[in-house]
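Structure file run-v4.cif with mmCIF, C-alpha atoms:
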data_entry
loop_
_atom_site.group_PDB
_atom_site.id
_atom_site.type_symbol
_atom_site.label_atom_id
_atom_site.label_comp_id
_atom_site.auth_asym_id
_atom_site.auth_seq_id
_atom_site.Cartn_x
_atom_site.Cartn_y
_atom_site.Cartn_z
ATOM 1 C CA MET A 344 121.235 116.210 99.493
ATOM 2 C CA THR A 345 120.096 112.614 99.064
ATOM 3 C CA THR A 346 118.766 112.556 102.618
ATOM 4 C CA PHE A 347 116.851 115.733 101.998
ATOM 5 C CA VAL A 348 115.302 114.516 98.752
ATOM 6 C CA VAL A 349 114.214 111.170 100.195
ATOM 7 C CA LEU A 350 112.727 112.801 103.289
ATOM 8 C CA ALA A 351 111.047 115.546 101.260
ATOM 9 C CA VAL A 352 109.383 113.029 98.950
ATOM 10 C CA LEU A 353 108.165 110.998 101.933
ATOM 11 C CA ILE A 354 106.894 114.092 103.719
ATOM 12 C CA VAL A 355 105.006 115.507 100.751
ATOM 13 C CA ALA A 356 103.530 112.126 99.829
ATOM 14 C CA SER A 357 102.316 111.453 103.372
ATOM 15 C CA ALA A 358 100.930 114.993 103.680
ATOM 16 C CA ALA A 359 98.976 114.561 100.456
ATOM 17 C CA PHE A 360 97.746 111.215 101.746
ATOM 18 C CA VAL A 361 96.567 112.815 104.992
ATOM 19 C CA VAL A 362 94.306 115.333 103.292
ATOM 20 C CA SER A 363 93.009 112.909 100.679
ATOM 21 C CA ALA A 364 92.479 109.743 102.716
ATOM 22 C CA ARG A 365 88.881 108.559 102.685
ATOM 23 C CA ARG A 366 89.055 107.066 106.147
ATOM 24 C CA THR A 367 90.172 109.282 108.970
ATOM 25 C CA VAL A 368 92.217 106.536 110.617
ATOM 26 C CA TYR A 369 94.308 106.124 107.474
ATOM 27 C CA GLY A 370 94.869 109.861 107.554
ATOM 28 C CA VAL A 371 96.188 109.558 111.097
ATOM 29 C CA ILE A 372 98.655 106.887 109.958
ATOM 30 C CA GLY A 373 99.817 109.181 107.144
ATOM 31 C CA LEU A 374 100.249 111.959 109.683
ATOM 32 C CA LEU A 375 102.338 109.610 111.834
ATOM 33 C CA VAL A 376 104.677 108.898 108.903
ATOM 34 C CA ASN A 377 104.823 112.627 108.187
ATOM 35 C CA PHE A 378 105.775 113.498 111.759
ATOM 36 C CA PHE A 379 108.465 110.824 111.946
ATOM 37 C CA CYS A 380 110.026 111.968 108.675
ATOM 38 C CA LEU A 381 109.930 115.556 109.923
ATOM 39 C CA ALA A 382 111.665 114.448 113.126
ATOM 40 C CA VAL A 383 114.432 112.858 111.051
ATOM 41 C CA MET A 384 114.698 116.062 109.042
ATOM 42 C CA TYR A 385 115.046 118.031 112.284
ATOM 43 C CA LEU A 386 117.911 115.694 113.171
ATOM 44 C CA THR A 387 119.648 116.548 109.914
ATOM 45 C CA LEU A 388 119.171 120.218 110.833
ATOM 46 C CA ASP A 389 120.955 119.678 114.182
ATOM 47 C CA ALA A 390 117.817 120.125 116.272
ATOM 48 C CA GLU A 391 118.073 116.966 118.355
ATOM 49 C CA PHE A 392 115.904 118.109 121.221
ATOM 50 C CA LEU A 393 113.124 119.227 118.899
ATOM 51 C CA ALA A 394 113.271 115.935 117.011
ATOM 52 C CA VAL A 395 112.682 114.068 120.266
ATOM 53 C CA ILE A 396 109.938 116.504 121.279
ATOM 54 C CA GLN A 397 108.352 116.077 117.864
ATOM 55 C CA VAL A 398 108.120 112.328 118.316
ATOM 56 C CA ILE A 399 106.974 112.503 121.947
ATOM 57 C CA VAL A 400 104.452 115.325 121.733
ATOM 58 C CA TYR A 401 103.135 114.983 118.197
ATOM 59 C CA SER A 402 103.271 111.257 117.590
ATOM 60 C CA GLY A 403 102.787 110.346 121.218
ATOM 61 C CA ALA A 404 100.236 112.788 122.539
ATOM 62 C CA ILE A 405 98.418 114.588 119.728
ATOM 63 C CA LEU A 406 98.029 111.636 117.368
ATOM 64 C CA MET A 407 96.983 109.438 120.271
ATOM 65 C CA LEU A 408 94.297 112.029 121.032
ATOM 66 C CA PHE A 409 93.127 111.877 117.407
ATOM 67 C CA VAL A 410 92.943 108.087 117.486
ATOM 68 C CA PHE A 411 91.079 108.232 120.793
ATOM 69 C CA VAL A 412 88.501 110.677 119.444
ATOM 70 C CA ILE A 413 87.977 108.596 116.310
ATOM 71 C CA ALA A 414 87.515 105.463 118.395
ATOM 72 C CA LEU A 415 85.214 107.316 120.794
ATOM 73 C CA LEU A 416 83.024 108.857 118.125
ATOM 74 C CA SER A 417 82.621 105.805 115.955
ATOM 75 C CA SER A 418 81.849 103.366 118.742
ATOM 76 C CA GLY A 419 78.169 102.548 118.871
ATOM 77 C CA VAL A 420 77.034 105.161 116.374
ATOM 78 C CA ARG A 421 77.667 105.306 112.664
ATOM 79 C CA PRO A 422 81.287 105.443 111.552
ATOM 80 C CA PHE A 423 82.847 108.827 111.359
ATOM 81 C CA SER A 424 83.977 108.588 107.767
ATOM 82 C CA VAL A 425 80.521 108.278 106.249
ATOM 83 C CA GLY A 426 79.075 111.146 104.281
ATOM 84 C CA PRO A 427 79.143 112.337 100.719
ATOM 85 C CA ASN A 428 82.488 111.905 99.041
ATOM 86 C CA ARG A 429 83.055 115.297 97.510
ATOM 87 C CA LEU A 430 86.771 114.889 97.040
ATOM 88 C CA PRO A 431 86.670 114.184 93.260
ATOM 89 C CA HIS A 432 84.672 117.371 92.685
ATOM 90 C CA VAL A 433 87.034 119.614 94.608
ATOM 91 C CA LEU A 434 90.263 117.948 93.474
ATOM 92 C CA VAL A 435 90.984 120.253 90.525
ATOM 93 C CA PRO A 436 90.091 123.577 92.193
ATOM 94 C CA ALA A 437 91.941 122.531 95.341
ATOM 95 C CA THR A 438 95.065 121.691 93.368
ATOM 96 C CA ILE A 439 94.884 125.001 91.524
ATOM 97 C CA LEU A 440 94.388 126.850 94.804
ATOM 98 C CA ALA A 441 97.346 125.070 96.394
ATOM 99 C CA ALA A 442 99.529 125.783 93.353
ATOM 100 C CA ILE A 443 98.629 129.472 93.423
ATOM 101 C CA GLY A 444 99.296 129.689 97.135
ATOM 102 C CA PHE A 445 102.588 127.855 96.783
ATOM 103 C CA ALA A 446 103.667 130.148 93.952
ATOM 104 C CA GLY A 447 102.772 133.191 96.036
ATOM 105 C CA LEU A 448 104.691 131.921 99.051
ATOM 106 C CA MET A 449 107.716 131.089 96.924
ATOM 107 C CA TYR A 450 107.559 134.513 95.269
ATOM 108 C CA VAL A 451 107.673 136.153 98.689
ATOM 109 C CA PHE A 452 110.410 133.887 100.007
ATOM 110 C CA ALA A 453 112.593 133.970 96.895
ATOM 111 C CA ASN A 454 113.087 137.713 97.233
ATOM 112 C CA ASP A 455 113.923 137.313 100.879
ATOM 113 C CA VAL A 456 115.929 134.142 101.397
ATOM 114 C CA PRO A 457 119.666 134.632 101.212
ATOM 115 C CA THR A 458 121.580 131.953 99.368
ATOM 116 C CA ARG A 459 122.735 130.219 102.505
ATOM 117 C CA GLN A 460 123.704 126.600 102.600
ATOM 118 C CA VAL A 461 122.400 124.193 105.185
ATOM 119 C CA ALA A 462 124.183 120.983 105.971
ATOM 120 C CA SER A 463 122.188 117.981 104.905
ATOM 121 C CA ASP A 464 123.765 115.371 107.132
ATOM 122 C CA VAL A 465 124.018 115.269 110.881
ATOM 123 C CA SER A 466 126.976 117.526 111.440
ATOM 124 C CA SER A 467 127.203 117.535 115.212
ATOM 125 C CA ILE A 468 129.806 115.152 116.502
ATOM 126 C CA ALA A 469 128.456 112.016 118.086
ATOM 127 C CA GLY A 470 129.000 112.108 121.817
ATOM 128 C CA ASN A 471 128.952 115.874 121.975
ATOM 129 C CA VAL A 472 125.247 116.093 121.340
ATOM 130 C CA GLY A 473 124.100 117.230 124.745
ATOM 131 C CA GLU A 474 127.060 119.426 125.637
ATOM 132 C CA ALA A 475 127.012 123.180 125.826
ATOM 133 C CA GLY A 476 128.455 125.114 122.942
ATOM 134 C CA VAL A 477 127.253 122.647 120.306
ATOM 135 C CA PHE A 478 124.537 124.176 118.156
ATOM 136 C CA GLY A 479 121.134 122.730 118.930
ATOM 137 C CA SER A 480 122.320 120.840 121.987
ATOM 138 C CA VAL A 481 119.961 120.312 124.884
ATOM 139 C CA ALA A 482 122.228 122.391 127.132
ATOM 140 C CA ASP A 483 122.169 125.392 124.812
ATOM 141 C CA PHE A 484 118.457 125.022 124.223
ATOM 142 C CA GLY A 485 117.692 124.854 127.919
ATOM 143 C CA ARG A 486 119.900 127.813 128.743
ATOM 144 C CA ALA A 487 118.221 129.954 126.088
ATOM 145 C CA LEU A 488 114.765 128.796 127.147
ATOM 146 C CA PHE A 489 115.259 129.552 130.829
ATOM 147 C CA THR A 490 117.122 132.842 130.494
ATOM 148 C CA THR A 491 116.398 134.862 127.366
ATOM 149 C CA TYR A 492 113.029 133.333 126.613
ATOM 150 C CA LEU A 493 111.754 132.748 130.129
ATOM 151 C CA LEU A 494 108.694 134.966 129.735
ATOM 152 C CA PRO A 495 107.357 133.201 126.613
ATOM 153 C CA PHE A 496 107.995 129.895 128.365
ATOM 154 C CA GLU A 497 105.920 130.953 131.362
ATOM 155 C CA ALA A 498 103.220 132.324 129.086
ATOM 156 C CA THR A 499 103.098 128.847 127.537
ATOM 157 C CA ALA A 500 102.205 127.398 130.916
ATOM 158 C CA PHE A 501 99.353 129.875 131.139
ATOM 159 C CA VAL A 502 98.161 128.969 127.634
ATOM 160 C CA LEU A 503 98.150 125.287 128.527
ATOM 161 C CA MET A 504 96.183 125.933 131.708
ATOM 162 C CA ILE A 505 93.577 127.935 129.793
ATOM 163 C CA ALA A 506 93.397 125.127 127.229
ATOM 164 C CA VAL A 507 92.738 122.564 129.960
ATOM 165 C CA ILE A 508 89.988 124.715 131.454
ATOM 166 C CA GLY A 509 88.512 125.308 128.007
ATOM 167 C CA VAL A 510 88.489 121.624 127.141
ATOM 168 C CA ILE A 511 86.702 120.793 130.382
ATOM 169 C CA ALA A 512 84.198 123.610 129.797
ATOM 170 C CA ILE A 513 83.493 122.540 126.208
ATOM 171 C CA ALA A 514 83.417 118.774 126.424
ATOM 172 C CA GLY A 515 83.285 118.086 130.126
ATOM 173 C CA ASP A 516 79.557 118.454 130.757
ATOM 174 C CA VAL A 517 77.603 115.472 129.578
ATOM 175 C CA ASP A 518 74.107 115.615 128.205
ATOM 176 C CA PRO A 519 71.842 114.707 131.114
ATOM 177 C CA PRO A 520 69.198 112.617 129.353
ATOM 178 C CA ARG A 521 71.518 110.633 127.124
ATOM 179 C CA PHE A 522 74.603 110.062 129.147
ATOM 180 C CA ALA A 523 73.826 110.416 132.818
ATOM 181 C CA SER A 524 71.702 107.332 133.073
ATOM 182 C CA PRO A 525 71.091 106.573 136.714
ATOM 183 C CA ARG A 526 73.513 103.811 137.311
ATOM 184 C CA ARG A 527 72.478 101.644 140.199
ATOM 185 C CA LYS A 528 75.262 100.544 142.403
ATOM 186 C CA PRO A 529 75.121 96.774 142.611
ATOM 187 C CA ASP A 530 74.447 95.260 145.920
ATOM 188 C CA ARG A 531 77.224 93.532 147.690
ATOM 189 C CA SER A 532 75.528 90.176 147.275
ATOM 190 C CA GLU A 533 75.052 90.734 143.511
ATOM 191 C CA ARG A 534 78.694 91.437 142.868
ATOM 192 C CA GLU A 535 80.740 88.924 141.093
ATOM 193 C CA PRO A 536 83.367 87.521 143.392
ATOM 194 C CA ILE A 537 86.868 88.503 142.436
ATOM 195 C CA LEU A 538 88.255 85.242 143.640
ATOM 196 C CA LYS A 539 86.139 82.221 143.025
ATOM 197 C CA GLU A 540 85.867 80.326 146.231
ATOM 198 C CA PRO A 541 86.144 76.613 145.834
ATOM 199 C CA SER A 542 82.968 75.042 147.015
ATOM 200 C CA MET B 1192 126.814 117.969 100.802
ATOM 201 C CA PRO B 1193 125.018 121.164 101.755
ATOM 202 C CA VAL B 1194 121.417 121.861 100.859
ATOM 203 C CA PRO B 1195 120.377 125.408 99.970
ATOM 204 C CA LEU B 1196 118.062 127.025 102.488
ATOM 205 C CA ILE B 1197 115.499 127.721 99.793
ATOM 206 C CA ASN B 1198 114.887 123.960 99.442
ATOM 207 C CA TYR B 1199 113.756 123.733 103.045
ATOM 208 C CA ILE B 1200 111.623 126.841 102.634
ATOM 209 C CA ALA B 1201 110.045 125.411 99.486
ATOM 210 C CA LEU B 1202 109.292 122.148 101.281
ATOM 211 C CA SER B 1203 107.781 124.103 104.154
ATOM 212 C CA ALA B 1204 105.600 126.155 101.801
ATOM 213 C CA LEU B 1205 104.490 122.975 100.032
ATOM 214 C CA ILE B 1206 103.456 121.276 103.289
ATOM 215 C CA PHE B 1207 101.690 124.450 104.356
ATOM 216 C CA MET B 1208 99.683 124.639 101.149
ATOM 217 C CA ILE B 1209 98.787 120.932 101.302
ATOM 218 C CA GLY B 1210 97.524 121.447 104.847
ATOM 219 C CA ALA B 1211 95.602 124.588 103.906
ATOM 220 C CA THR B 1212 94.039 122.766 100.962
ATOM 221 C CA GLY B 1213 92.966 119.992 103.300
ATOM 222 C CA VAL B 1214 91.317 122.500 105.616
ATOM 223 C CA VAL B 1215 89.521 124.230 102.740
ATOM 224 C CA ALA B 1216 88.544 121.220 100.648
ATOM 225 C CA ARG B 1217 87.651 118.563 103.212
ATOM 226 C CA ARG B 1218 84.526 118.713 105.308
ATOM 227 C CA ASN B 1219 85.373 116.116 107.911
ATOM 228 C CA PRO B 1220 86.282 118.085 111.052
ATOM 229 C CA LEU B 1221 89.000 115.632 112.064
ATOM 230 C CA VAL B 1222 90.696 115.845 108.670
ATOM 231 C CA MET B 1223 90.490 119.627 108.878
ATOM 232 C CA LEU B 1224 92.251 119.498 112.253
ATOM 233 C CA MET B 1225 94.927 117.269 110.750
ATOM 234 C CA GLY B 1226 95.403 119.820 107.973
ATOM 235 C CA ILE B 1227 95.950 122.454 110.651
ATOM 236 C CA GLU B 1228 98.556 120.195 112.273
ATOM 237 C CA LEU B 1229 100.335 119.964 108.919
ATOM 238 C CA MET B 1230 100.400 123.760 108.739
ATOM 239 C CA TRP B 1231 101.899 124.001 112.250
ATOM 240 C CA ASN B 1232 104.597 121.552 111.186
ATOM 241 C CA ALA B 1233 105.384 123.531 108.058
ATOM 242 C CA ALA B 1234 105.950 126.610 110.212
ATOM 243 C CA ASN B 1235 108.171 124.567 112.533
ATOM 244 C CA LEU B 1236 110.271 123.315 109.644
ATOM 245 C CA ALA B 1237 110.822 126.871 108.424
ATOM 246 C CA PHE B 1238 111.794 127.981 111.941
ATOM 247 C CA ILE B 1239 114.320 125.177 112.350
ATOM 248 C CA ALA B 1240 115.782 125.583 108.860
ATOM 249 C CA TYR B 1241 116.329 129.303 109.440
ATOM 250 C CA ALA B 1242 117.813 128.565 112.872
ATOM 251 C CA ARG B 1243 120.299 126.160 111.288
ATOM 252 C CA ALA B 1244 121.158 128.580 108.493
ATOM 253 C CA TYR B 1245 121.867 131.459 110.865
ATOM 254 C CA LEU B 1246 123.167 129.211 113.703
ATOM 255 C CA ASN B 1247 120.772 130.952 116.063
ATOM 256 C CA ASN B 1248 118.899 129.194 118.845
ATOM 257 C CA ALA B 1249 115.849 131.467 118.720
ATOM 258 C CA GLY B 1250 114.230 129.420 115.949
ATOM 259 C CA HIS B 1251 114.392 126.321 118.127
ATOM 260 C CA ILE B 1252 112.723 128.144 121.009
ATOM 261 C CA PHE B 1253 109.937 129.375 118.773
ATOM 262 C CA ALA B 1254 109.437 125.929 117.282
ATOM 263 C CA PHE B 1255 109.160 124.566 120.822
ATOM 264 C CA LEU B 1256 106.517 127.164 121.696
ATOM 265 C CA VAL B 1257 104.668 126.374 118.462
ATOM 266 C CA ILE B 1258 104.575 122.676 119.408
ATOM 267 C CA THR B 1259 103.108 123.588 122.802
ATOM 268 C CA VAL B 1260 100.433 125.814 121.323
ATOM 269 C CA ALA B 1261 99.672 123.149 118.712
ATOM 270 C CA ALA B 1262 99.058 120.646 121.479
ATOM 271 C CA ALA B 1263 96.640 123.047 123.180
ATOM 272 C CA GLU B 1264 94.920 123.726 119.863
ATOM 273 C CA ALA B 1265 94.521 120.043 119.085
ATOM 274 C CA ALA B 1266 93.019 119.405 122.515
ATOM 275 C CA ILE B 1267 90.498 122.227 122.169
ATOM 276 C CA GLY B 1268 89.664 121.385 118.553
ATOM 277 C CA LEU B 1269 89.019 117.760 119.412
ATOM 278 C CA ALA B 1270 86.910 118.833 122.397
ATOM 279 C CA VAL B 1271 84.793 120.951 120.045
ATOM 280 C CA VAL B 1272 84.426 117.985 117.682
ATOM 281 C CA VAL B 1273 83.376 115.720 120.542
ATOM 282 C CA ALA B 1274 80.870 118.291 121.832
ATOM 283 C CA LEU B 1275 79.371 118.774 118.342
ATOM 284 C CA PHE B 1276 79.143 115.080 117.743
ATOM 285 C CA ARG B 1277 77.492 114.471 121.102
ATOM 286 C CA ARG B 1278 74.899 117.121 120.490
ATOM 287 C CA SER B 1279 73.796 116.177 117.012
ATOM 288 C CA GLU B 1280 76.104 113.496 115.564
ATOM 289 C CA ILE B 1281 77.505 115.886 113.018
ATOM 290 C CA VAL B 1282 80.124 114.464 110.666
ATOM 291 C CA ASP B 1283 80.113 117.358 108.195
ATOM 292 C CA VAL B 1284 81.092 120.868 109.220
ATOM 293 C CA ASP B 1285 78.702 122.292 106.618
ATOM 294 C CA ASP B 1286 75.882 121.076 108.854
ATOM 295 C CA VAL B 1287 77.096 123.211 111.730
ATOM 296 C CA ALA B 1288 74.891 126.231 111.187
ATOM 297 C CA ILE B 1289 73.789 127.061 114.713
ATOM 298 C CA LEU B 1290 75.221 130.566 114.495
ATOM 299 C CA LYS B 1291 73.793 131.189 111.024
ATOM 300 C CA GLY B 1292 71.955 134.497 110.787
#

Can the structure in the file be given as structure tokens, please?
Amino acid sequence: MTTFVVLAVLIVASAAFVVSARRTVYGVIGLLVNFFCLAVMYLTLDAEFLAVIQVIVYSGAILMLFVFVIALLSSGVRPFSVGPNRLPHVLVPATILAAIGFAGLMYVFANDVPTRQVASDVSSIAGNVGEAGVFGSVADFGRALFTTYLLPFEATAFVLMIAVIGVIAIAGDVDPPRFASPRRKPDRSEREPILKEPS
Amino acid sequence: MPVPLINYIALSALIFMIGATGVVARRNPLVMLMGIELMWNAANLAFIAYARAYLNNAGHIFAFLVITVAAAEAAIGLAVVVALFRRSEIVDVDDVAILKG
């Protein structure tokens, strides 16, 4: 229970920081903390593979993409975080909205969730983590993914391919006048020598 | 010491509402995308908590698929942000009114 409470407090605090941070980069750092705490919580729920995937894909790939876009957009031009700060005006209605939504979700769930108990500490035995038959092990996960759920898995590949094509179609073409400046290839004699010859 | 399932569900709902509030209240497109990421993660947490409670692998598989789709969504969303910014240096989604009737 202690693990859960500590992680829950960290997760909620970092999530609130993400949506209220004035600078986008700070928000990304809050999101990083959030994802790591969620990965630890997945570990306590015996989902080892998903905890690793969470760190690799979310913290490694998606957040890196966010940081890259922020760096790309705010280099040269005005910083991305400028603009009117309307957060104080929307704070009260946003909190009320979130509270109403949370109450509605909890009302729906409370009628539905059976009073099951979930272990709070890592319950799988150390050393048996990857073996078959242990709940949440990589072996069990892989077997389920490649037998019962093979079709969704293959559909995922298709979704990713479409996403790649879409990204190239949306952001791949550069504006001709601004970006495609005719870059002259330097002459061989103008090039800087890689190795300085002693003269 | 066991934790009731409803605690995980409550935490998931709370993260989801924080993310949704970020999407609704903030007007910086990157922060809105981060709010969407928070909502994906809330769904994942619910999936994994239910999977643990019922000792069923299906929740893990669905969480895995959600992570994949979230990656695709983040890539496309950031591509849209980059394209918008290139075209008109927009930092506020309220200024995006090209499709306005």

Q.
To one decimal place in Å, what is the distance between CA of Thr367 in chain A and CA of Asn1235 in chain B?
A.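 Between CA of Thr367 in chain A and CA of Asn1235 in chain B the gap is 23.9 Å.
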
Q. Could you write out as an NGL selection string the residues that the PyMOL selection byres ((chain B) within 7 of (chain A)) matches in the shown file?
A. :B and (1192-1197 or 1201-1202 or 1204-1206 or 1208-1209 or 1212-1213 or 1216 or 1222 or 1226 or 1240 or 1243-1244 or 1246 or 1248 or 1252 or 1255-1256 or 1262-1263 or 1265-1267 or 1270-1271 or 1273-1274 or 1282)

Would you give the centre and edge lengths, in Å to one decimal, of a box along x, y and z around the listed atoms of range 356-374 of chain A, with 8 Å added to each side, as lines of an AutoDock Vina configuration file?
center_x = 96.2
center_y = 110.7
center_z = 105.5
size_x = 30.6
size_y = 25.2
size_z = 27.3

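Between CA of Gly373 in chain A and CA of Val1287 in chain B the interatomic distance comes to 27.1 Å.
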
Residues near Ile1227 in chain B, anyone? I mean within 10 Å using only C-alpha atoms, not counting same-chain ones fewer than 2 positions away, as an mmCIF file with C-alpha atoms, keeping the file's coordinate frame.
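Heads up, here's the output in result.cif:
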data_model
loop_
_atom_site.group_PDB
_atom_site.id
_atom_site.type_symbol
_atom_site.label_atom_id
_atom_site.label_comp_id
_atom_site.auth_asym_id
_atom_site.auth_seq_id
_atom_site.Cartn_x
_atom_site.Cartn_y
_atom_site.Cartn_z
ATOM 1 C CA PHE B 1207 101.690 124.450 104.356
ATOM 2 C CA ILE B 1209 98.787 120.932 101.302
ATOM 3 C CA GLY B 1210 97.524 121.447 104.847
ATOM 4 C CA ALA B 1211 95.602 124.588 103.906
ATOM 5 C CA THR B 1212 94.039 122.766 100.962
ATOM 6 C CA GLY B 1213 92.966 119.992 103.300
ATOM 7 C CA VAL B 1214 91.317 122.500 105.616
ATOM 8 C CA LEU B 1221 89.000 115.632 112.064
ATOM 9 C CA VAL B 1222 90.696 115.845 108.670
ATOM 10 C CA MET B 1223 90.490 119.627 108.878
ATOM 11 C CA LEU B 1224 92.251 119.498 112.253
ATOM 12 C CA MET B 1225 94.927 117.269 110.750
ATOM 13 C CA LEU B 1229 100.335 119.964 108.919
ATOM 14 C CA MET B 1230 100.400 123.760 108.739
ATOM 15 C CA TRP B 1231 101.899 124.001 112.250
ATOM 16 C CA ASN B 1232 104.597 121.552 111.186
ATOM 17 C CA ALA B 1233 105.384 123.531 108.058
ATOM 18 C CA ALA B 1261 99.672 123.149 118.712
ATOM 19 C CA GLU B 1264 94.920 123.726 119.863
ATOM 20 C CA ALA B 1265 94.521 120.043 119.085
#

Q: Provide the CA of Leu493 in chain A to CA of Gly403 in chain A distance in Å, to one decimal place.
A: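 Separation between CA of Leu493 in chain A and CA of Gly403 in chain A: 25.7 Å.
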